[in-house]
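Chemist: If it helps, the file is called coords-v5.txt and holds compact mmCIF, C-alpha atoms:
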# COMPACT_ATOMS: atom_id res chain seq x y z
CA MET S 1080 102.99 90.50 81.93
CA GLY S 1081 101.40 92.46 79.17
CA LYS S 1082 98.35 90.23 79.10
CA ILE S 1083 95.15 92.13 78.35
CA ILE S 1084 92.35 91.15 80.67
CA THR S 1085 88.74 92.13 80.76
CA VAL S 1086 88.06 92.92 84.38
CA CYS S 1087 84.70 94.03 82.99
CA TRP S 1088 84.83 97.41 84.60
CA PHE S 1089 82.37 99.80 83.07
CA PHE S 1090 83.01 103.48 82.62
CA ILE S 1091 79.98 105.59 83.47
CA CYS S 1092 79.69 109.36 83.34
CA THR S 1093 76.84 111.41 84.74
CA SER S 1094 76.31 115.09 85.39
CA CYS S 1095 72.79 115.20 86.81
CA PHE S 1096 71.08 112.78 89.19
CA THR S 1097 68.72 113.01 92.14
CA ALA S 1098 70.53 110.75 94.61
CA TRP S 1099 74.21 109.97 95.14
CA GLY S 1100 73.76 106.23 94.97
CA THR S 1101 71.17 105.85 92.24
CA PRO S 1102 72.26 107.57 89.01
CA SER S 1103 70.49 106.64 85.79
CA MET S 1104 72.85 106.19 82.85
CA ASP S 1105 74.19 103.94 80.10
CA THR S 1106 77.37 101.95 80.52
CA LEU S 1107 80.39 101.59 78.26
CA PRO S 1108 82.93 98.79 78.78
CA LEU S 1109 86.47 99.70 79.75
CA LEU S 1110 89.28 97.21 79.28
CA LEU S 1111 92.22 97.33 81.67
CA GLN S 1112 95.65 95.94 80.92
CA LEU S 1113 97.33 94.00 83.71
CA LYS S 1114 100.82 95.42 83.89
CA GLN S 1115 102.25 93.54 86.84
CA VAL S 1116 101.39 91.31 89.77
CA ILE S 1117 103.48 91.55 92.93
CA LYS S 1118 102.83 88.19 94.51
CA GLY S 1119 102.74 87.83 98.28
CA ASN S 1120 100.57 87.85 101.36
CA TYR S 1121 100.09 91.50 102.24
CA SER S 1122 97.70 93.05 104.75
CA ASN S 1123 97.89 96.61 103.44
CA PHE S 1124 99.68 98.89 101.02
CA SER S 1125 99.97 102.49 99.92
CA VAL S 1126 101.41 104.44 96.99
CA ASP S 1127 103.03 107.88 97.18
CA ASN S 1128 102.97 110.66 94.59
CA LEU S 1129 106.32 109.52 93.17
CA GLY S 1130 104.99 106.07 92.36
CA ASN S 1131 106.75 104.31 95.24
CA ILE S 1132 104.78 101.36 96.63
CA TYR S 1133 104.73 100.49 100.32
CA LEU S 1134 103.70 96.90 101.05
CA VAL S 1135 102.74 95.88 104.59
CA THR S 1136 103.22 92.17 105.23
CA THR S 1137 101.12 90.10 107.59
CA ARG S 1138 104.10 90.26 109.98
CA ASN S 1139 103.96 94.09 109.98
CA GLN S 1140 107.07 94.47 107.88
CA ILE S 1141 107.04 97.35 105.39
CA LYS S 1142 108.67 96.90 101.99
CA LYS S 1143 109.22 99.93 99.77
CA LEU S 1144 109.44 99.49 96.00
CA ASN S 1145 110.23 102.28 93.56
CA SER S 1146 108.21 103.01 90.42
CA LYS S 1147 110.25 100.35 88.57
CA LEU S 1148 109.25 97.84 91.29
CA ASP S 1149 112.82 97.56 92.57
CA SER S 1150 113.15 97.05 96.33
CA VAL S 1151 114.70 100.20 97.81
CA ALA S 1152 114.01 100.01 101.55
CA ILE S 1153 112.58 97.79 104.26
CA PHE S 1154 111.26 98.37 107.77
CA ASN S 1155 111.79 95.41 110.06
CA GLU S 1156 110.84 96.54 113.57
CA SER S 1157 107.62 94.65 113.09
CA GLN S 1158 106.73 93.47 116.59
CA ARG S 1159 107.54 96.54 118.67
CA PHE S 1160 104.10 98.15 118.66
CA GLY S 1161 101.81 95.38 117.45
CA ASN S 1162 99.82 95.55 114.22
CA ILE S 1163 100.11 98.43 111.78
CA TYR S 1164 96.70 100.13 111.57
CA THR S 1165 97.37 102.75 108.88
CA ILE S 1166 100.31 104.10 106.89
CA ASP S 1167 100.37 107.65 105.47
CA VAL S 1168 102.85 108.23 102.62
CA SER S 1169 101.53 111.57 101.36
CA ASN S 1170 104.98 112.98 102.19
CA PRO S 1171 107.57 110.38 101.01
CA MET S 1172 110.20 112.08 103.18
CA LYS S 1173 108.10 111.56 106.31
CA VAL S 1174 106.13 108.32 106.46
CA LEU S 1175 103.58 108.03 109.27
CA VAL S 1176 102.92 104.54 110.64
CA TYR S 1177 100.06 104.36 113.14
CA TYR S 1178 99.71 101.56 115.69
CA LYS S 1179 96.20 101.99 117.04
CA ASP S 1180 96.44 99.33 119.77
CA TYR S 1181 99.39 101.15 121.33
CA SER S 1182 98.20 104.70 120.44
CA THR S 1183 101.60 105.26 118.86
CA ILE S 1184 102.72 107.04 115.70
CA LEU S 1185 106.09 106.06 114.29
CA ILE S 1186 107.72 108.53 111.89
CA LEU S 1187 110.03 107.03 109.24
CA ASP S 1188 112.33 108.75 106.76
CA GLN S 1189 112.45 108.00 103.03
CA GLN S 1190 114.66 104.96 103.69
CA LEU S 1191 112.14 103.70 106.29
CA ASN S 1192 114.52 104.43 109.15
CA PRO S 1193 112.74 105.45 112.39
CA ARG S 1194 113.07 109.19 113.07
CA ASN S 1195 110.66 109.74 115.92
CA THR S 1196 108.02 108.03 118.04
CA ILE S 1197 104.91 109.79 119.34
CA ASP S 1198 103.09 108.11 122.21
CA LEU S 1199 99.64 109.68 122.06
CA ARG S 1200 98.83 108.39 125.54
CA GLU S 1201 101.33 110.87 126.98
CA GLN S 1202 99.10 113.66 125.62
CA ASN S 1203 95.93 111.96 126.93
CA LEU S 1204 94.91 111.02 123.38
CA LEU S 1205 93.51 107.60 124.15
CA GLN S 1206 91.02 106.93 121.35
CA VAL S 1207 92.20 107.88 117.87
CA ASN S 1208 91.08 106.08 114.70
CA ALA S 1209 92.29 108.51 112.03
CA ILE S 1210 95.56 110.38 111.51
CA ALA S 1211 96.98 112.23 108.49
CA GLN S 1212 99.95 114.28 107.41
CA SER S 1213 99.19 118.01 107.42
CA TYR S 1214 100.14 120.55 104.76
CA ASP S 1215 102.71 122.12 107.14
CA ASN S 1216 104.41 118.83 107.99
CA GLN S 1217 102.52 118.25 111.23
CA ILE S 1218 99.84 115.68 112.04
CA TRP S 1219 96.06 115.80 112.02
CA LEU S 1220 94.08 113.41 114.20
CA PHE S 1221 90.58 113.04 115.59
CA ASP S 1222 90.23 112.66 119.35
CA GLU S 1223 87.09 110.57 119.87
CA ILE S 1224 86.93 111.27 123.61
CA ASP S 1225 86.88 115.06 123.16
CA ASN S 1226 85.16 114.72 119.75
CA LYS S 1227 87.57 117.25 118.29
CA LEU S 1228 89.80 117.43 115.26
CA LYS S 1229 93.30 118.30 116.43
CA LYS S 1230 96.70 119.08 114.97
CA ILE S 1231 99.85 118.02 116.81
CA ASP S 1232 103.56 118.50 116.19
CA ASP S 1233 106.26 115.81 116.17
CA ALA S 1234 106.51 116.04 119.95
CA GLY S 1235 102.81 115.26 120.26
CA LEU S 1236 101.94 118.76 121.47
CA SER S 1237 98.61 120.24 120.39
CA LYS S 1238 98.81 123.14 117.94
CA LEU S 1239 95.14 123.51 116.95
CA GLU S 1240 91.78 121.99 117.78
CA THR S 1241 88.22 122.50 116.57
CA LEU S 1242 85.01 122.83 118.51
CA ASP S 1243 83.41 119.67 119.84
CA PHE S 1244 81.78 117.95 116.84
CA ARG S 1245 78.79 117.09 119.04
CA LEU S 1246 78.02 120.81 119.21
CA GLN S 1247 78.37 121.25 115.44
CA PHE S 1248 76.46 118.29 113.99
CA LYS S 1249 73.21 116.50 114.75
CA GLU S 1250 74.72 113.14 113.86
CA VAL S 1251 77.61 111.53 115.71
CA PHE S 1252 80.23 112.23 113.07
CA VAL S 1253 83.45 110.35 113.82
CA PRO S 1254 85.84 110.44 110.84
CA TYR S 1255 87.74 107.29 109.97
CA HIS S 1256 89.64 109.00 107.17
CA ILE S 1257 91.37 112.40 107.23
CA ILE S 1258 92.89 113.81 104.04
CA ASP S 1259 94.77 117.11 103.72
CA ASN S 1260 94.64 118.13 100.07
CA ASN S 1261 94.70 121.25 97.93
CA GLY S 1262 94.19 123.74 100.77
CA LEU S 1263 91.30 121.92 102.45
CA LEU S 1264 90.76 119.16 104.96
CA TYR S 1265 88.48 116.23 104.04
CA LEU S 1266 86.93 113.99 106.69
CA TYR S 1267 85.02 110.85 105.83
CA ASN S 1268 82.62 108.59 107.70
CA LYS S 1269 81.04 105.79 105.68
CA HIS S 1270 77.69 106.22 107.47
CA TYR S 1271 77.38 109.97 106.82
CA GLY S 1272 79.71 110.83 103.94
CA TRP S 1273 82.18 113.70 103.56
CA LYS S 1274 82.69 116.89 105.51
CA VAL S 1275 85.10 119.48 104.12
CA PHE S 1276 86.84 121.97 106.41
CA ASP S 1277 89.32 124.80 106.02
CA TYR S 1278 92.54 124.67 107.99
CA TYR S 1279 90.97 126.57 110.89
CA GLY S 1280 88.24 124.01 111.42
CA ALA S 1281 85.38 125.86 109.71
CA LEU S 1282 82.97 123.60 107.81
CA LYS S 1283 82.86 124.37 104.08
CA GLN S 1284 80.67 121.59 102.68
CA SER S 1285 78.97 118.27 103.46
CA LEU S 1286 78.43 115.56 100.86
CA PRO S 1287 76.30 112.45 101.57
CA ALA S 1288 78.43 109.92 99.69
CA LYS S 1289 77.95 106.94 101.98
CA GLY S 1290 79.34 103.43 102.17
CA TRP S 1291 82.67 104.06 100.46
CA LEU S 1292 85.95 102.26 101.16
CA ASP S 1293 89.57 103.33 100.56
CA VAL S 1294 88.61 106.96 99.98
CA GLN S 1295 91.00 109.37 98.27
CA VAL S 1296 91.07 113.04 97.28
CA ASN S 1297 93.01 114.32 94.27
CA GLY S 1298 92.57 117.97 93.37
CA ASN S 1299 88.84 118.68 93.18
CA LYS S 1300 87.93 115.01 92.81
CA PHE S 1301 87.31 112.41 95.46
CA SER S 1302 87.04 108.68 95.03
CA GLY S 1303 86.46 105.34 96.72
CA HIS S 1304 84.55 102.12 96.19
CA ASP S 1305 81.52 100.37 97.59
CA SER S 1306 80.72 96.67 97.27
CA ALA S 1307 80.42 96.81 93.48
CA VAL S 1308 81.61 100.13 92.04
CA TYR S 1309 84.73 102.31 92.08
CA ILE S 1310 83.55 105.91 92.16
CA GLU S 1311 85.29 109.15 91.22
CA SER S 1312 83.34 112.37 91.68
CA ASN S 1313 83.77 116.11 91.43
CA PHE S 1314 83.14 117.91 94.71
CA TRP S 1315 81.63 121.06 93.37
CA ASP S 1316 79.28 119.97 90.58
CA THR S 1317 78.74 116.32 91.67
CA THR S 1318 79.60 114.83 88.27
CA LYS S 1319 80.55 111.19 88.64
CA THR S 1320 82.68 108.60 86.93
CA LEU S 1321 81.96 105.02 87.99
CA TYR S 1322 84.14 102.02 87.31
CA ARG S 1323 82.22 98.78 87.72
CA PHE S 1324 83.99 95.44 87.88
CA GLU S 1325 82.74 91.91 87.78
CA ASN S 1326 85.12 90.13 90.11
CA ALA S 1327 83.59 89.38 93.50
CA PRO S 1328 84.13 92.24 95.97
CA TYR S 1329 85.28 89.95 98.78
CA GLN S 1330 88.37 89.11 96.78
CA VAL S 1331 89.55 92.71 96.96
CA LYS S 1332 91.20 93.94 100.16
CA LYS S 1333 91.99 97.45 98.99
CA ILE S 1334 91.97 99.59 95.83
CA ILE S 1335 93.97 102.76 95.18
CA LYS S 1336 94.02 104.89 92.06
CA LYS S 1337 97.25 106.74 91.33
CA PRO S 1338 97.09 107.93 87.73
CA PRO S 1339 97.73 106.32 85.37
CA PHE S 1340 97.41 103.13 87.41
CA PHE S 1341 94.90 101.29 89.57
CA TYR S 1342 96.35 99.15 92.37
CA SER S 1343 94.25 96.29 93.69
CA LEU S 1344 95.24 94.16 96.67
CA THR S 1345 93.90 90.62 96.88
CA GLN S 1346 94.85 87.50 98.78
CA ASP S 1347 97.27 86.63 95.96
CA GLY S 1348 99.18 89.91 95.96
CA LEU S 1349 99.09 93.40 94.45
CA GLY S 1350 97.83 93.82 90.89
CA ILE S 1351 98.73 96.92 88.88
CA TYR S 1352 96.35 97.87 86.06
CA GLU S 1353 96.40 100.50 83.36
CA ALA S 1354 93.61 101.66 81.04
CA TYR S 1355 94.48 101.67 77.34
Now that the file is in, can you turn its structure into structure tokens?
Modeler:
Amino acid sequence: MGKIITVCWFFICTSCFTAWGTPSMDTLPLLLQLKQVIKGNYSNFSVDNLGNIYLVTTRNQIKKLNSKLDSVAIFNESQRFGNIYTIDVSNPMKVLVYYKDYSTILILDQQLNPRNTIDLREQNLLQVNAIAQSYDNQIWLFDEIDNKLKKIDDAGLSKLETLDFRLQFKEVFVPYHIIDNNGLLYLYNKHYGWKVFDYYGALKQSLPAKGWLDVQVNGNKFSGHDSAVYIESNFWDTTKTLYRFENAPYQVKKIIKKPPFFYSLTQDGLGIYEAY
């Protein structure tokens, strides 16, 4: 606690470069202060906008901690639908837990009590890799069989769908991340980058930021990390901030930035860092 560590991240700013992955710039060291380590063997985690942390154990239990790291709720129905694939906490009042193997979305309340179960197979949605909370409290998903972005309600009924992506794009663009943020919809595929849509499915912009993991969108900035660098970029003028760290990438399972903190999951637990 309180120990200052040099993770040897480097803070890099650039406003003009010819390729997304090869900027030319000087580096300045940034020291991060380790605020807390939550020890344990966790397979996944997420953090909501209120600072609550959701830890997924290797037994598919979900533990919710508040911003003071006090335990406030737990979800124990861990074996009902197999392994948790993703957890969406963008609305803390409606937590989406997706079980890909069973094509099932479980909706939890703020105390992690089950509210509703959506069996996507009942709607003939048999191959779905990405889901997300929508701005109007419904659910976005990408149907890989139809190759369409769709919105469903809590009963699983379709409310909106786009044209077949195979008719819109030359590449086979299958999003593995969907993010509803600030009036737009952001889809990401690590092989092709970002595609930005309006809420009616019209393409607004494509950005070739490839090879990123744990992507996020906050306001007009999007972020993620590759094997060596945590990247934060502005959508509209392509300015970048890069955070480079020395510790071996294989030690990191997942990284999330929720200002003012960085959260890094490793085999030892969840580390919480703050710049000073």
Chemist: Pick out the residues sitting within 8 Å of S:Lys1337, and hand them over as a PyMOL selection string; count all atoms listed in the file, and ignore anything fewer than 4 positions along from it in its own chain.
Modeler: chain S and resi 1126+1128+1130+1341-1342
Chemist: Smallest atom-to-atom distance to S:Gln1158: which of S:Glu1223, S:His1270, S:Tyr1322, S:Asn1139, using all atoms listed in the file?
Modeler: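 Among the listed residues, the smallest separation from S:Gln1158 belongs to S:Asn1139.
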Chemist: Need the axis-aligned box for stretch 1143-1158 of chain S with 6 Å each side, so what are the centre and edges in Å to one decimal, as JSON?
Modeler:
{"center_x": 110.7, "center_y": 98.2, "center_z": 102.6, "size_x": 20.0, "size_y": 21.5, "size_z": 40.0}
Chemist: Hey, which of S:Arg1138, S:Val1331, S:Asn1216, S:Lys1147 ends up closest to S:Pro1171? Count all atoms listed in the file.
Modeler: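 Under the stated criterion, the closest residue is S:Asn1216.
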Chemist: Can you measure atom CA of S:Arg1200 to atom CA of S:Leu1239 for me? One decimal in Å is fine.
Modeler: 17.8 Å
Chemist: Quick one, how far is atom CA of S:Asn1155 from atom CA of S:Lys1336?
Modeler: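 Distance reported for this atom pair: 27.0 Å.
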Chemist: Need the neighbours of (104.8, 112.7, 101.1): which residues are at most 9 Å away, counting only C-alpha atoms, as JSON, numbers by chain?
Modeler: {"S": [1127, 1128, 1129, 1167, 1168, 1169, 1170, 1171, 1172, 1173, 1174, 1212]}
Chemist: Pick out the closest residue to S:Ser1285 from this set: S:Phe1248, S:Ser1150, S:Gly1298, S:Gly1350. Count all atoms listed in the file.
Modeler: S:Phe1248
Chemist: For stretch 1144-1158 of chain S, supply N, CA and C atoms and report the output as a short mmCIF file (atom, residue, chain, number, x, y, z; two decimals), keeping the file's coordinate frame.
Modeler:
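Listed below is the output, selection_35.cif:
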data_model
loop_
_atom_site.label_atom_id
_atom_site.label_comp_id
_atom_site.auth_asym_id
_atom_site.auth_seq_id
_atom_site.Cartn_x
_atom_site.Cartn_y
_atom_site.Cartn_z
N LEU S 1144 109.00 99.70 97.37
CA LEU S 1144 109.44 99.49 96.00
C LEU S 1144 109.37 100.81 95.25
N ASN S 1145 110.33 101.06 94.36
CA ASN S 1145 110.23 102.28 93.56
C ASN S 1145 109.29 102.08 92.38
N SER S 1146 109.17 103.08 91.53
CA SER S 1146 108.21 103.01 90.42
C SER S 1146 108.57 101.94 89.41
N LYS S 1147 109.83 101.45 89.44
CA LYS S 1147 110.25 100.35 88.57
C LYS S 1147 110.08 99.00 89.26
N LEU S 1148 109.52 99.03 90.47
CA LEU S 1148 109.25 97.84 91.29
C LEU S 1148 110.53 97.20 91.83
N ASP S 1149 111.60 98.01 91.91
CA ASP S 1149 112.82 97.56 92.57
C ASP S 1149 112.70 97.81 94.07
N SER S 1150 113.16 96.87 94.88
CA SER S 1150 113.15 97.05 96.33
C SER S 1150 114.20 98.08 96.72
N VAL S 1151 113.77 99.11 97.46
CA VAL S 1151 114.70 100.20 97.81
C VAL S 1151 114.83 100.39 99.31
N ALA S 1152 113.91 99.85 100.10
CA ALA S 1152 114.01 100.01 101.55
C ALA S 1152 113.10 99.00 102.23
N ILE S 1153 113.40 98.72 103.50
CA ILE S 1153 112.58 97.79 104.26
C ILE S 1153 112.57 98.23 105.72
N PHE S 1154 111.41 98.07 106.35
CA PHE S 1154 111.26 98.37 107.77
C PHE S 1154 110.99 97.06 108.49
N ASN S 1155 111.83 96.73 109.46
CA ASN S 1155 111.79 95.41 110.06
C ASN S 1155 111.36 95.38 111.52
N GLU S 1156 111.19 96.54 112.15
CA GLU S 1156 110.84 96.54 113.57
C GLU S 1156 109.36 96.21 113.70
N SER S 1157 109.01 95.00 113.33
CA SER S 1157 107.62 94.65 113.09
C SER S 1157 106.82 94.32 114.35
N GLN S 1158 107.47 93.93 115.41
CA GLN S 1158 106.73 93.47 116.59
C GLN S 1158 106.74 94.48 117.74
#
